[in-house]
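Here's the structure we're looking at; comments come further down.
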Amino acid sequence: MKKLDRFILKSFIGPFIAVFAIVTFILVLQFLWLYIDELVGKGLEFKVILEFLMWGSCQTLPLAIPLATLLSAMMTLGQMGEQFELTAIKASGISLGRVLIPMTAVAVVISIGAFFIGDRLVPYSINQIYTMRDDIGRTKSEIKIPSGTFYDGIDGYILRVEERDKSTGMMYSIQVYDHSVGRGNTRITVADSGIIKMSKSKDYLTFTLFDGTSYSEDNKRKYRDTTLALQRVQFHRQDLVIPLENYAFQHSDSARYGEQVRSMNLASLRHGHDSLTNLVVQGDEKHMKEFTSNSGLNYRTQLDTAWREKASTPLPPPKAEGTWKNLKDKQRAYENAAGIAHQYENLLHGQNMDSYDYTRQIHRTDVEIWKKFAQALACLLLFFIGAPVGAILKKGGLGTPAIISMLFFVLYWVIDITGERLAGNGAVTAFVGKFISAFILAPIGTFLTVKAVQDKSLFNVDGVKIWFRRAKSKFIRMFRKTRIVYMGTPEFSVGPLDALIKAGYKIVGVVTAPDKPSGRGLRLSESAVKKYAAEKGLPVLQPEKLKDPQFLKDLAAL
């Protein structure tokens, strides 16, 4: 490998890793913001939260890798152009296309890695993240007993605490209602103070009470004996052990989410697509059999396309008006036909609902299959957008080039989401829906790459200015014509003046030389332009000097 290639690879890989880390961190924060409500108040361990964020970060990789490739390519070539390194390379006879070869090789490796990440890691992370969300949802919130209110957050118990010492955790004026036996308020404990401690495994709660009384009432009434037995026990210290359930986070089997299309790899998706297609085919055959075997379809043999060539007996014509014996028979025939049509309508509606779920699943499966290839291809296409932008603008910071690159990425993202939704609804095929962004980005990347390799700017600024001035002049002339003062004296100056007048321009005056004596009699002769202006009724100015104050005043008036 040449030194230049090592230099280019080092310049590209370093920014890619840095940008990838920053983009992933930002997307993980967004992911955390979406699910923060599910994590707060559960008493989860820090390692559980880190695991949740780790699997969440894996879901952001299909979006982070293309964006990091785009920005790092732009920053690398932009910084090389800004520091005149790219100029030095070109001056040595090395073209930009040669410079892009090692970076393109890295971009291809990144695209291949993005494919395997989308095929293996992302489905597994989706499986894990949904499993953890379900486990966290089943985990009960932390026990925080408020002061001055009845607290029912512990199954089978209701507690009331009047005061609490936040520094020591000691509670005062405690009431404990034991409903674990399901007989109402038959077991009550009142204590002067107490403290709560939870086991490390969060499977039981120890409530240590001080200076109190326990009341227990036997409310098992007999047929004749209606008296109640009350037991009262005073204590100096009492430990109340309360069993807990689902207060500690527990991992469960993650296989229950394995059938979701987003949590399946390419091989599983293809297998599922074949299975769904077979179900649709079997369903269509079943529906066709139900439809054709219905007693209302009297001429199904003739209507079946498979019998079209074999049919030799034409359908009998319908009965003409007036062939019924009476009006009642005619009414009965029409009601019978309407009932059969309604029956077939309900049958078709039910069959459509039966096949809708399978068809929708096939669309989603096809979208997920092509999605894995489209995301990998997007890395390569965005590279050929970011690299030329950096080479043309010759700026590698997070200013204008980064904004332009982000606009291209937003364009890709919006088109990709739109195409995916259209493909999911069956409006377009899955291939078109997922690759429509590639169809749009590929010409843009090709155009930018050609411009960068040929060392041309994106736009001709001078040409744009000229076009803008012409357009502005035409727009102004639509509402207000330009006032023109024509200057000329000899015979050949009459032609342009005549052309301007015939073209519709507004000539407000003519400036020509003063009349001069000519001939033997020294008679004053007028210029050709003055004679033409007099014929057209145009004002004529004939100054001796162009700096004459009166002439300048008259010219300003025109």
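Each chain of the structure tokens is named A, B, ... in the order shown, its residues numbered from 1; ligands are numbered from 1 in display order.
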
- Query: If you count only C-alpha atoms, which residues fall within 10 Å of Thr277 in chain A, apart from same-chain ones fewer than 6 positions away, as a ChimeraX atom specification?
  - Reply: /A:271,283,358-359,361-362

Sorted per-residue table, range 479-533 of chain A near range 545-549 of chain A, closest atoms and distance, 12 Å, only C-alpha atoms, as a tab-separated table:
```
residue	atom	partner	partner_atom	distance
A:Met487	CA	A:Leu546	CA	11.5
A:Val511	CA	A:Leu546	CA	9.9
A:Thr512	CA	A:Leu546	CA	10.7
A:Ala513	CA	A:Lys545	CA	9.5
A:Pro514	CA	A:Lys545	CA	9.8
```

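The closest residue to Ile195 in chain A, picked from A:Ser92, A:Gln454, A:Ser518, A:Gln238 and counting only C-alpha atoms, is A:Gln238.
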
Which residues are close to range 28-38 of chain A, i.e. within 7 Å by only C-alpha atoms, leaving aside same-chain residues fewer than 3 positions away? Reply as a tab-separated table (two decimals) with all heavy atoms, in the first residue's frame.
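This is the output file result01.tsv:
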```
chain	number	residue	atom	x	y	z
A	24	THR	N	-24.42	8.12	16.97
A	24	THR	CA	-25.05	7.05	17.75
A	24	THR	C	-25.46	7.55	19.12
A	24	THR	O	-26.55	7.22	19.61
A	24	THR	CB	-24.09	5.86	17.88
A	24	THR	OG1	-23.67	5.41	16.58
A	24	THR	CG2	-24.75	4.71	18.60
A	25	PHE	N	-24.62	8.35	19.75
A	25	PHE	CA	-24.95	8.90	21.07
A	25	PHE	C	-26.19	9.78	21.00
A	25	PHE	O	-27.08	9.69	21.86
A	25	PHE	CB	-23.76	9.71	21.60
A	25	PHE	CG	-24.02	10.37	22.92
A	25	PHE	CD1	-24.06	9.63	24.09
A	25	PHE	CD2	-24.23	11.74	22.99
A	25	PHE	CE1	-24.31	10.24	25.31
A	25	PHE	CE2	-24.47	12.36	24.20
A	25	PHE	CZ	-24.51	11.61	25.37
A	56	GLY	N	-30.92	-0.72	22.57
A	56	GLY	CA	-31.52	0.40	21.86
A	56	GLY	C	-30.57	1.05	20.87
A	56	GLY	O	-30.98	1.47	19.77
A	57	SER	N	-29.29	1.14	21.24
A	57	SER	CA	-28.30	1.71	20.31
A	57	SER	C	-28.13	0.83	19.07
A	57	SER	O	-27.85	1.33	17.98
A	57	SER	CB	-26.96	1.88	21.01
A	57	SER	OG	-26.42	0.62	21.43
A	137	GLY	N	-42.13	-3.67	32.13
A	137	GLY	CA	-43.53	-3.33	32.35
A	137	GLY	C	-44.17	-4.17	33.43
A	137	GLY	O	-45.07	-3.70	34.14
```

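Compared by their closest atoms to Leu209 in chain A, and using only C-alpha atoms, the residues A:Gln175, A:Arg232, A:Ile17, A:Arg270 rank with A:Gln175 nearest.
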
- Query: Counting only C-alpha atoms, what is within 9 Å of His363 in chain A, bar same-chain residues fewer than 2 positions away, as a ChimeraX atom specification?
  - Reply: /A:358-361,365-368,423-426,429-430

- Task: Enumerate as a PyMOL selection string all residues of range 34-281 of chain A assigned to strand (DSSP E or B) by DSSP on the backbone, naming them with the chain letters and numbers the document uses.
- Result: chain A and resi 147+150-151+157-164+171-178+187-198+204-218+229-243

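Considering the residues A:Gly97, A:Pro123, A:Pro62, A:Gly495 and counting only C-alpha atoms, Val453 in chain A has its shortest atom-to-atom contact with A:Gly97.
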